[in-house]
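Pasting coords.txt here (compact mmCIF, C-alpha atoms):
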```txt
# COMPACT_ATOMS: atom_id res chain seq x y z
CA MET A 1 114.90 90.57 94.63
CA ASN A 2 114.20 92.91 91.73
CA ASN A 3 110.49 93.42 92.04
CA VAL A 4 108.70 95.03 94.94
CA THR A 5 105.69 92.79 94.37
CA SER A 6 107.60 89.49 94.57
CA HIS A 7 108.22 87.91 97.96
CA ILE A 8 111.57 88.51 99.53
CA ASP A 9 112.41 84.83 100.20
CA ASP A 10 116.07 84.39 101.19
CA ASP A 11 116.52 88.15 101.47
CA ALA A 12 114.57 87.94 104.75
CA ASP A 13 117.56 86.26 106.40
CA LEU A 14 120.07 88.61 104.79
CA TYR A 15 117.98 91.59 105.87
CA ALA A 16 117.93 90.45 109.50
CA LEU A 17 121.67 89.82 109.45
CA GLY A 18 122.45 93.20 107.91
CA ALA A 19 123.97 91.50 104.85
CA LEU A 20 122.03 93.54 102.28
CA ASP A 21 123.26 96.85 100.96
CA ALA A 22 121.24 100.01 101.61
CA ASP A 23 119.27 99.93 98.34
CA GLU A 24 118.30 96.30 98.77
CA ARG A 25 117.23 96.96 102.35
CA ALA A 26 115.04 99.85 101.26
CA THR A 27 113.39 97.58 98.69
CA VAL A 28 112.70 94.99 101.39
CA ASP A 29 111.27 97.69 103.66
CA ARG A 30 108.84 98.78 100.94
CA HIS A 31 107.72 95.21 100.40
CA LEU A 32 107.29 94.55 104.12
CA ALA A 33 104.87 97.47 104.36
CA THR A 34 102.40 95.54 102.22
CA CYS A 35 103.10 91.83 102.83
CA SER A 36 102.21 90.17 106.13
CA ALA A 37 103.66 86.82 105.03
CA CYS A 38 107.08 88.37 104.49
CA ARG A 39 106.82 90.33 107.75
CA ALA A 40 106.38 87.02 109.54
CA ARG A 41 109.29 85.54 107.58
CA VAL A 42 111.56 88.47 108.51
CA GLY A 43 110.33 88.22 112.08
CA GLU A 44 111.57 84.65 112.29
CA ALA A 45 114.97 85.68 110.98
CA GLU A 46 115.09 88.61 113.41
CA ALA A 47 114.34 86.24 116.29
CA THR A 48 117.39 84.19 115.32
CA VAL A 49 119.65 87.25 115.08
CA HIS A 50 118.27 88.38 118.42
CA ALA A 51 119.15 84.98 119.89
CA LEU A 52 122.72 85.45 118.66
CA ALA A 53 122.82 88.90 120.26
CA LEU A 54 122.12 87.33 123.66
CA GLU A 55 125.71 86.12 123.62
CA TYR A 56 126.71 89.49 125.01
CA HIS A 57 125.55 90.90 128.32
CA GLU A 58 123.36 93.95 128.15
CA ILE A 59 125.20 97.21 128.80
CA VAL A 60 123.55 99.99 130.79
CA PRO A 61 123.38 102.97 128.41
CA PRO A 62 125.05 106.21 129.51
CA VAL A 63 122.91 108.75 131.36
CA ALA A 64 123.42 111.11 128.44
CA LEU A 65 121.51 108.74 126.17
CA ASP A 66 118.72 108.34 128.76
CA ARG A 67 118.41 112.11 128.79
CA ARG A 68 118.32 112.43 125.00
CA ILE A 69 115.59 109.80 124.71
CA SER A 70 113.56 111.36 127.53
CA GLN A 71 113.81 114.83 126.03
CA ARG A 72 112.71 113.47 122.69
CA PHE A 73 109.73 111.42 123.82
CA GLU A 74 108.82 111.99 127.46
CA ARG A 75 106.93 115.26 127.16
CA ARG A 76 104.51 113.57 124.82
CA ALA A 77 104.13 110.49 126.97
CA PRO A 78 101.27 109.76 129.35
CA ALA A 79 102.15 107.77 132.43
CA TYR A 80 102.81 104.19 131.43
CA TRP A 81 100.47 102.83 134.09
CA TRP A 82 97.57 104.76 132.64
CA THR A 83 98.05 103.42 129.16
CA ALA A 84 98.67 99.94 130.50
CA VAL A 85 95.38 100.08 132.40
CA ALA A 86 93.56 101.24 129.27
CA ALA A 87 95.03 98.54 127.08
CA ALA A 88 94.73 95.84 129.72
CA LEU A 89 91.08 96.75 130.08
CA LEU A 90 90.62 96.45 126.36
CA ILE A 91 92.64 93.29 125.89
CA GLY A 92 91.23 91.65 128.99
CA LEU A 93 87.68 92.17 127.90
CA LEU A 94 88.12 91.17 124.31
CA PRO A 95 88.74 87.72 122.90
CA SER A 96 91.94 87.11 121.06
CA VAL A 97 91.15 86.78 117.37
CA PRO A 98 93.32 85.39 114.59
CA LEU A 99 95.44 87.88 112.72
CA VAL A 100 94.15 86.63 109.41
CA LEU A 101 90.38 86.86 109.27
CA GLU A 102 88.29 85.99 106.29
CA HIS A 103 84.80 86.53 107.59
CA THR A 104 83.52 90.03 106.80
CA ALA A 105 81.80 90.55 110.15
CA GLN A 106 84.90 89.35 111.91
CA GLN A 107 87.04 91.74 109.89
CA HIS A 108 84.68 94.55 110.81
CA ALA A 109 84.87 93.61 114.47
CA ASN A 110 88.64 93.48 114.28
CA THR A 111 88.78 96.89 112.67
CA GLN A 112 86.57 98.17 115.46
CA ARG A 113 88.86 96.61 118.03
CA ASP A 114 91.89 98.33 116.50
CA ALA A 115 90.11 101.68 116.37
CA ALA A 116 89.02 101.26 119.97
CA ALA A 117 92.56 100.35 120.98
CA ILE A 118 93.93 103.52 119.42
CA ALA A 119 91.22 105.60 121.09
CA LEU A 120 91.89 104.03 124.47
CA LEU A 121 95.61 104.51 124.13
CA ASN A 122 95.37 108.14 123.17
CA SER A 123 92.62 109.73 125.21
CA HIS A 124 91.09 109.96 128.65
CA PHE A 125 88.00 107.88 129.15
CA ALA A 126 85.27 106.95 131.57
CA HIS A 127 83.13 103.85 131.73
CA ALA A 128 79.72 102.78 132.94
CA GLN A 129 78.07 99.42 133.54
CA PHE A 130 74.71 98.68 131.93
CA VAL A 131 71.86 98.18 134.40
CA ALA A 132 69.05 95.74 133.58
CA ILE A 133 65.66 97.12 132.55
CA GLY A 134 62.73 95.08 133.82
CA ALA A 135 63.04 91.35 134.27
CA SER A 136 64.84 90.68 131.03
CA GLY A 137 68.20 88.96 131.27
CA LEU A 138 71.05 91.41 130.76
CA PRO A 139 74.44 89.94 129.94
CA SER A 140 77.51 91.57 131.44
CA SER A 141 77.91 94.77 129.45
CA LYS A 142 79.70 98.07 129.61
CA VAL A 143 80.14 101.33 127.75
CA ILE A 144 83.52 103.06 127.66
CA PHE A 145 83.58 106.62 126.37
CA ALA A 146 85.94 109.53 125.86
CA ARG A 147 85.52 112.29 128.40
CA ASN A 148 85.16 114.72 125.53
CA ARG A 149 82.65 112.33 123.84
CA ASP A 150 84.75 111.94 120.73
CA TRP A 151 84.14 108.21 120.80
CA MET A 152 82.09 105.55 122.54
CA TYR A 153 82.67 101.82 122.84
CA VAL A 154 79.94 99.36 123.81
CA MET A 155 80.81 95.80 124.81
CA VAL A 156 78.41 93.02 125.66
CA SER A 157 79.37 89.51 126.67
CA GLY A 158 78.04 86.71 124.49
CA SER A 159 77.62 86.31 120.77
CA HIS A 160 74.34 88.13 120.02
CA ALA A 161 73.96 91.38 118.11
CA TYR A 162 72.28 94.21 120.04
CA ASP A 163 70.78 97.48 118.89
CA VAL A 164 72.34 100.43 120.67
CA GLU A 165 70.41 103.64 121.17
CA GLY A 166 71.32 106.99 122.68
CA VAL A 167 68.95 109.06 124.79
CA LEU A 168 69.46 112.82 124.64
CA GLN A 169 68.88 115.38 127.38
CA ASN A 170 65.39 116.19 125.99
CA GLY A 171 64.41 112.52 126.16
CA SER A 172 64.52 111.83 122.45
CA ALA A 173 66.25 108.66 121.27
CA VAL A 174 68.79 108.31 118.44
CA PRO A 175 69.97 104.99 116.99
CA LEU A 176 73.72 104.57 117.45
CA GLY A 177 74.31 101.22 115.73
CA VAL A 178 74.41 97.48 116.25
CA THR A 179 77.00 95.50 118.18
CA VAL A 180 79.01 92.97 116.19
CA PRO A 181 79.95 89.61 117.72
CA THR A 182 83.71 89.03 117.62
CA GLY A 183 83.40 85.32 118.27
CA SER A 184 81.68 83.54 121.13
CA THR A 185 82.63 85.84 123.98
CA THR A 186 81.85 89.48 123.19
CA SER A 187 79.79 91.65 120.91
CA GLN A 188 80.93 95.23 120.42
CA LEU A 189 80.22 98.56 118.79
CA PHE A 190 82.74 101.35 118.44
CA LEU A 191 81.48 104.82 117.53
CA GLN A 192 84.28 107.08 116.38
CA HIS A 193 82.04 110.13 116.49
CA ALA A 194 79.48 109.73 119.25
CA PRO A 195 76.55 112.14 118.90
CA ALA A 196 76.66 115.15 121.21
CA GLY A 197 74.24 115.34 124.09
CA VAL A 198 73.76 111.63 124.71
CA GLU A 199 73.12 111.08 128.41
CA HIS A 200 72.09 107.42 128.44
CA VAL A 201 72.78 104.45 126.22
CA ILE A 202 70.09 101.81 125.79
CA LEU A 203 70.77 98.21 124.79
CA ARG A 204 67.98 96.49 122.86
CA GLN A 205 67.50 92.85 121.96
CA ASN A 206 64.78 92.06 119.40
CA GLY A 207 63.45 95.57 119.90
CA ILE A 208 63.11 95.22 123.67
CA ALA A 209 65.19 97.48 125.90
CA ILE A 210 67.19 95.24 128.22
CA GLY A 211 69.75 97.60 129.73
CA THR A 212 70.70 101.21 130.22
CA ALA A 213 73.93 102.97 131.09
CA ARG A 214 74.45 106.58 132.10
CA VAL A 215 77.23 108.22 130.14
CA LEU A 216 77.62 111.45 132.02
CA THR A 217 80.98 111.75 133.73
CA PRO A 218 80.46 112.09 137.49
CA LYS A 219 83.75 111.66 139.29
CA SER A 220 82.59 108.44 140.87
CA ILE A 221 82.58 106.51 137.59
CA GLU A 222 85.58 107.97 135.86
CA GLY A 223 88.17 105.43 134.82
CA HIS A 224 91.03 107.71 135.80
CA MET B 1 107.80 87.12 127.34
CA ARG B 2 106.38 89.72 124.94
CA ASP B 3 104.45 92.78 126.08
CA ALA B 4 101.34 93.09 123.91
CA VAL B 5 100.46 96.52 125.28
CA LEU B 6 103.83 97.99 124.46
CA GLU B 7 103.98 96.32 121.04
CA GLN B 8 100.56 97.60 120.06
CA ALA B 9 101.29 101.15 121.20
CA PHE B 10 104.67 101.13 119.45
CA ALA B 11 103.04 99.90 116.24
CA HIS B 12 100.53 102.77 116.46
CA GLY B 13 103.33 105.30 116.95
CA ALA B 14 102.42 106.39 120.50
CA PRO B 15 105.42 108.48 121.62
CA TRP B 16 105.41 107.07 125.15
CA ALA B 17 105.93 103.60 123.68
CA PHE B 18 109.23 104.63 122.13
CA GLU B 19 110.58 105.74 125.47
CA ALA B 20 109.14 102.64 127.15
CA ALA B 21 110.79 100.45 124.49
CA TYR B 22 114.09 102.17 125.27
CA ARG B 23 113.58 101.57 129.01
CA HIS B 24 112.86 97.91 128.34
CA PHE B 25 115.42 97.12 125.67
CA GLY B 26 117.96 99.97 125.86
CA GLY B 27 120.62 97.77 127.46
CA ARG B 28 120.39 95.24 124.65
CA LEU B 29 120.23 97.90 121.93
CA TYR B 30 123.17 99.84 123.31
CA ALA B 31 125.24 96.65 123.65
CA THR B 32 124.44 95.70 120.05
CA ALA B 33 125.50 99.11 118.77
CA LEU B 34 128.60 99.31 120.96
CA HIS B 35 129.89 95.89 120.00
CA LEU B 36 129.79 96.85 116.34
CA LEU B 37 130.82 100.49 116.52
CA ARG B 38 133.29 100.25 119.43
CA ASP B 39 132.68 103.87 120.24
CA PRO B 40 130.27 104.98 123.01
CA GLN B 41 129.28 108.23 121.34
CA SER B 42 128.57 106.54 118.01
CA ALA B 43 126.62 103.81 119.79
CA GLN B 44 124.49 106.40 121.58
CA ASP B 45 123.83 108.22 118.31
CA CYS B 46 122.90 104.94 116.67
CA VAL B 47 120.29 103.94 119.29
CA HIS B 48 118.85 107.46 119.50
CA ASP B 49 118.66 107.92 115.74
CA VAL B 50 117.08 104.50 115.15
CA LEU B 51 114.24 105.21 117.60
CA LEU B 52 113.71 108.70 116.22
CA HIS B 53 113.74 107.48 112.63
CA LEU B 54 111.22 104.73 113.38
CA TRP B 55 108.93 107.18 115.15
CA LYS B 56 109.06 109.72 112.32
CA ARG B 57 108.71 107.10 109.61
CA GLY B 58 105.83 105.25 111.31
CA GLY B 59 104.41 101.90 110.35
CA ALA B 60 107.68 99.97 110.28
CA TYR B 61 106.70 97.62 113.05
CA SER B 62 103.60 95.51 113.52
CA SER B 63 103.13 92.70 115.97
CA ASP B 64 102.70 90.11 113.20
CA ARG B 65 106.38 90.63 112.49
CA GLY B 66 107.40 89.14 115.83
CA SER B 67 108.86 90.52 119.03
CA LEU B 68 109.53 94.24 119.29
CA GLU B 69 112.89 93.60 120.92
CA ALA B 70 114.11 91.42 118.03
CA PHE B 71 112.86 94.02 115.55
CA LEU B 72 114.73 96.81 117.33
CA VAL B 73 117.92 94.77 117.63
CA THR B 74 117.80 94.25 113.85
CA CYS B 75 117.23 97.96 113.23
CA VAL B 76 120.12 98.96 115.47
CA ARG B 77 122.39 96.34 113.94
CA ASN B 78 121.53 97.48 110.41
CA ASP B 79 122.05 101.12 111.32
CA ALA B 80 125.38 100.39 113.00
CA LEU B 81 126.59 98.43 109.97
CA THR B 82 125.49 101.26 107.67
CA ARG B 83 127.47 103.73 109.78
CA LEU B 84 130.54 101.54 109.53
CA ARG B 85 130.16 101.13 105.80
CA ASN B 86 129.44 104.79 105.19
CA GLU B 87 132.43 105.84 107.22
CA ALA B 88 134.67 103.60 105.18
CA ARG B 89 135.76 101.72 108.26
CA ARG B 90 135.64 98.35 106.65
CA ALA B 91 139.16 97.62 107.78
CA THR B 92 138.06 97.96 111.39
CA LEU B 93 135.04 95.80 110.70
CA ARG B 94 137.03 93.00 109.12
CA ARG B 95 139.58 93.11 111.88
CA GLY B 96 137.15 93.32 114.68
CA ILE B 97 134.10 91.52 115.70
CA VAL B 98 135.43 87.97 115.68
CA GLU B 99 138.49 86.41 117.15
CA PRO B 100 140.08 87.32 119.34
CA ASP B 101 138.10 90.48 120.30
CA ARG B 102 134.83 88.62 120.35
CA TYR B 103 135.94 86.66 123.38
CA GLU B 104 137.27 89.68 125.22
CA LEU B 105 133.89 91.36 125.34
CA ASP B 106 131.51 90.84 128.21
CA LEU B 107 130.06 87.56 127.10
CA ASP B 108 127.29 85.78 128.88
CA PRO B 109 129.00 82.41 129.44
CA ILE B 110 125.81 80.35 129.29
CA GLU B 111 124.46 81.96 126.13
CA HIS B 112 127.92 81.99 124.58
CA ALA B 113 128.29 78.23 125.13
CA ARG B 114 124.81 77.61 123.73
CA ILE B 115 125.57 79.64 120.61
CA GLU B 116 128.94 78.00 120.11
CA ARG B 117 127.31 74.57 120.29
CA ALA B 118 124.67 75.62 117.76
CA ILE B 119 127.26 77.01 115.35
CA ALA B 120 129.43 73.90 115.75
CA GLN B 121 126.49 71.80 114.56
CA LEU B 122 126.41 73.65 111.22
CA ASP B 123 128.35 72.30 108.28
CA PRO B 124 131.62 74.17 107.64
CA ALA B 125 130.27 76.19 104.71
CA HIS B 126 127.41 77.48 106.84
CA GLN B 127 129.71 78.21 109.78
CA LYS B 128 131.71 80.38 107.41
CA MET B 129 128.57 82.30 106.43
CA VAL B 130 127.69 83.01 110.08
CA GLU B 131 131.19 84.21 110.74
CA LEU B 132 131.35 86.51 107.72
CA ALA B 133 127.77 87.81 107.67
CA TYR B 134 126.98 88.03 111.38
CA TYR B 135 130.26 88.41 113.25
CA ARG B 136 132.17 90.35 110.60
CA GLY B 137 129.16 92.23 109.24
CA LEU B 138 129.97 91.76 105.55
CA THR B 139 127.34 92.11 102.85
CA HIS B 140 126.54 89.20 100.56
CA SER B 141 128.42 90.84 97.70
CA GLU B 142 131.50 91.33 99.86
CA ILE B 143 131.37 87.70 100.91
CA ALA B 144 130.93 86.58 97.31
CA ALA B 145 133.95 88.63 96.29
CA GLN B 146 136.04 87.35 99.16
CA LEU B 147 135.21 83.70 98.43
CA ALA B 148 135.10 84.13 94.65
CA GLU B 149 131.69 82.52 94.42
CA PRO B 150 128.44 83.64 92.70
CA ILE B 151 126.24 86.04 94.66
CA GLY B 152 123.20 83.78 94.29
CA THR B 153 125.10 80.88 95.84
CA ILE B 154 126.23 83.01 98.75
CA LYS B 155 122.74 84.38 99.39
CA SER B 156 121.27 80.89 99.46
CA ARG B 157 124.03 79.69 101.75
CA ILE B 158 123.59 82.58 104.20
CA SER B 159 119.86 81.97 104.33
CA ALA B 160 120.30 78.23 104.86
CA ALA B 161 122.81 78.86 107.65
CA LEU B 162 120.44 81.18 109.50
CA ARG B 163 117.54 78.75 109.10
CA SER B 164 119.67 75.97 110.55
CA LEU B 165 120.56 78.16 113.50
CA ARG B 166 116.90 79.07 113.96
CA ARG B 167 116.01 75.49 114.71
CA THR B 168 118.33 75.39 117.70
CA LEU B 169 118.44 78.98 118.89
CA ALA B 170 115.16 80.81 118.37
CA PRO B 171 112.85 80.88 121.37
CA PRO B 172 109.21 79.88 120.90
CA THR B 173 107.31 82.62 119.07
CA GLY B 174 103.88 84.10 119.66
CA SER B 175 103.99 84.38 123.43
CA THR B 176 102.44 87.69 124.41
CA THR B 177 101.17 89.21 127.56
CA ALA B 178 99.15 92.25 128.43
```

Can you give me the file's structure in the form of structure tokens?
Amino acid sequence: MNNVTSHIDDDADLYALGALDADERATVDRHLATCSACRARVGEAEATVHALALEYHEIVPPVALDRRISQRFERRAPAYWWTAVAAALLIGLLPSVPLVLEHTAQQHANTQRDAAAIALLNSHFAHAQFVAIGASGLPSSKVIFARNRDWMYVMVSGSHAYDVEGVLQNGSAVPLGVTVPTGSTTSQLFLQHAPAGVEHVILRQNGIAIGTARVLTPKSIEGH
Amino acid sequence: MRDAVLEQAFAHGAPWAFEAAYRHFGGRLYATALHLLRDPQSAQDCVHDVLLHLWKRGGAYSSDRGSLEAFLVTCVRNDALTRLRNEARRATLRRGIVEPDRYELDLDPIEHARIERAIAQLDPAHQKMVELAYYRGLTHSEIAAQLAEPIGTIKSRISAALRSLRRTLAPPTGSTTA
């Protein structure tokens, strides 16, 4: 492979086996950073090399290595259960979508999902259920938000788009955005910079308020 | 079974995910390094340095590449082979990983039998590629020199051998769990 823009072809197998020299491997690494097709191709080769590695029993690493890894990473690590809960919440509530998306709205929704995943994995959050306003039908819906209000994530079951509005302490309303359907199961809006001072979030369908959620952080509704 | 939570966090560079990956796969990674390097201290350095390098570099892994464990095994194997090559220990490498040492290591008898059967199904030229590239850790150019054949031929043959093995060895892909 001489060109970083050409696909790596057979080099995928040689890469996984360790049969390339250092320069060739670096070239493959650069290509993999930009080519999902070749990442999948290398992944297949890596799975085969991994299968060969199963020939040997695992060996418990020395305590000294445990200590080195812990010292390097542990101080920066939240408890695994917390992150697992955050991600399980996210993944459990969202539909699985194909990795390759062509529809613009779907791509937008996927980008939102990724941004929300990063936010959930890296910060403390709270959540609140929407409560129906009047007799209108309110689908199952929830808002998840950072305790410091850096971000806000609205999810509504179903495939409709909903206007989302914030209500400030003085009673004035500010538009926050519109939820985007990710398929047939949820519609979502991720705000990376939620406006300060929002106390309630209103969900509107065709201009009619159908639900409200309180986004203060009383201890009783905090996620953790 | 793949762990979608861990894979996603690792891909995003969350530090906790690197330690969690070590807790999950450390035994496999250390075994991979030790079997190539034959030195506990070097094997420890290899596993530690690979995780640290991946964390600092960022973006090397994404879940569309496949399982995180397979990715890390490849990284450790590549790093271990680089250490051997850089330290000019090719003599040890050529002497070592296959016969008879290979059978003196702590083999899993079931997996070992399965792999032997899979390799036995390959044609002799492909068996030779698996032996030289995987078990002896030679590069394609070293194999070409040893067999006095063109590099392009050797590269194609190595790739074909691994693809043949894939059909019988690789577990089903795409299985993830939260």

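Note that the spacing between CA of Thr182 (chain A) and CA of Phe10 (chain B) amounts to 24.3 Å.
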
field: Selection near Val50 (chain B), 9 Å with only C-alpha atoms, sequence-local residues under 5 positions removed, as a PyMOL selection string
entry: chain B and resi 45+55+72+75-76+79

Contacts between chain B and chain A, please, where a residue of chain A counts if it comes within 6 Å (with only C-alpha atoms); show its shortest atom pair and distance in Å to one decimal, rows by chain and ascending number, as CSV.
```
residue,atom,partner,partner_atom,distance
A:Asp10,CA,B:Ser159,CA,5.5
A:Asp13,CA,B:Ser159,CA,5.3
A:Ala16,CA,B:Thr74,CA,5.8
A:Leu17,CA,B:Tyr134,CA,5.9
A:Gly18,CA,B:Asn78,CA,5.0
A:Ala19,CA,B:Thr139,CA,4.0
A:Leu20,CA,B:Thr139,CA,5.5
A:Arg39,CA,B:Arg65,CA,4.8
A:Ala40,CA,B:Arg65,CA,4.7
A:Gly43,CA,B:Arg65,CA,4.6
A:Glu46,CA,B:Ala70,CA,5.5
A:Ala47,CA,B:Ala70,CA,5.5
A:Thr48,CA,B:Ala170,CA,5.1
A:His50,CA,B:Ala70,CA,5.2
A:Ala51,CA,B:Ala170,CA,6.0
A:Glu55,CA,B:His112,CA,4.8
A:Tyr56,CA,B:Leu107,CA,4.4
A:His57,CA,B:Asp108,CA,5.4
A:Glu58,CA,B:Gly27,CA,4.8
A:Ile59,CA,B:Gly27,CA,4.8
A:Val60,CA,B:Gly27,CA,5.0
A:Pro61,CA,B:Gly27,CA,6.0
A:Leu65,CA,B:Gln44,CA,6.0
A:Phe73,CA,B:Pro15,CA,5.7
A:Ala77,CA,B:Trp16,CA,4.1
A:Ala88,CA,B:Ala178,CA,5.8
```

query: Hey, what's within 8 Å of Glu199 (chain A) if we count all atoms listed in the file and toss same-chain stuff fewer than 3 positions away? As a ChimeraX atom specification, please?
result: /A:166-169,214-216

- request: Kindly give the distance, in Å, that separates CA of Asn148 (chain A) and CA of Ser172 (chain A), rounded to a single decimal.
  value: 21.1 Å

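Between CA of Val154 (chain A) and CA of Ile208 (chain A) there is a distance of 17.3 Å.
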
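With only C-alpha atoms as the atoms that count, the minimum distance from Leu147 (chain B) to the choices B:Asp3, B:Lys128, B:Arg57, B:Leu84 is reached by B:Lys128.
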
task: Just the residues within 9 Å of Lys142 (chain A), please, counting all atoms listed in the file, with nothing from its chain fewer than 2 positions along; format it as a VMD selection string.
output: chain A and resid 127 to 130 140 144 153 to 156 213

Store the residues picked out above, limited to C-alpha atoms, as a PDB file, in the coordinates of the input.
```
ATOM      1  CA  HIS A 127      83.130 103.850 131.730  1.00  0.00           C
ATOM      2  CA  ALA A 128      79.720 102.780 132.940  1.00  0.00           C
ATOM      3  CA  GLN A 129      78.070  99.420 133.540  1.00  0.00           C
ATOM      4  CA  PHE A 130      74.710  98.680 131.930  1.00  0.00           C
ATOM      5  CA  SER A 140      77.510  91.570 131.440  1.00  0.00           C
ATOM      6  CA  ILE A 144      83.520 103.060 127.660  1.00  0.00           C
ATOM      7  CA  TYR A 153      82.670 101.820 122.840  1.00  0.00           C
ATOM      8  CA  VAL A 154      79.940  99.360 123.810  1.00  0.00           C
ATOM      9  CA  MET A 155      80.810  95.800 124.810  1.00  0.00           C
ATOM     10  CA  VAL A 156      78.410  93.020 125.660  1.00  0.00           C
ATOM     11  CA  ALA A 213      73.930 102.970 131.090  1.00  0.00           C
TER      12      ALA A 213
END
```
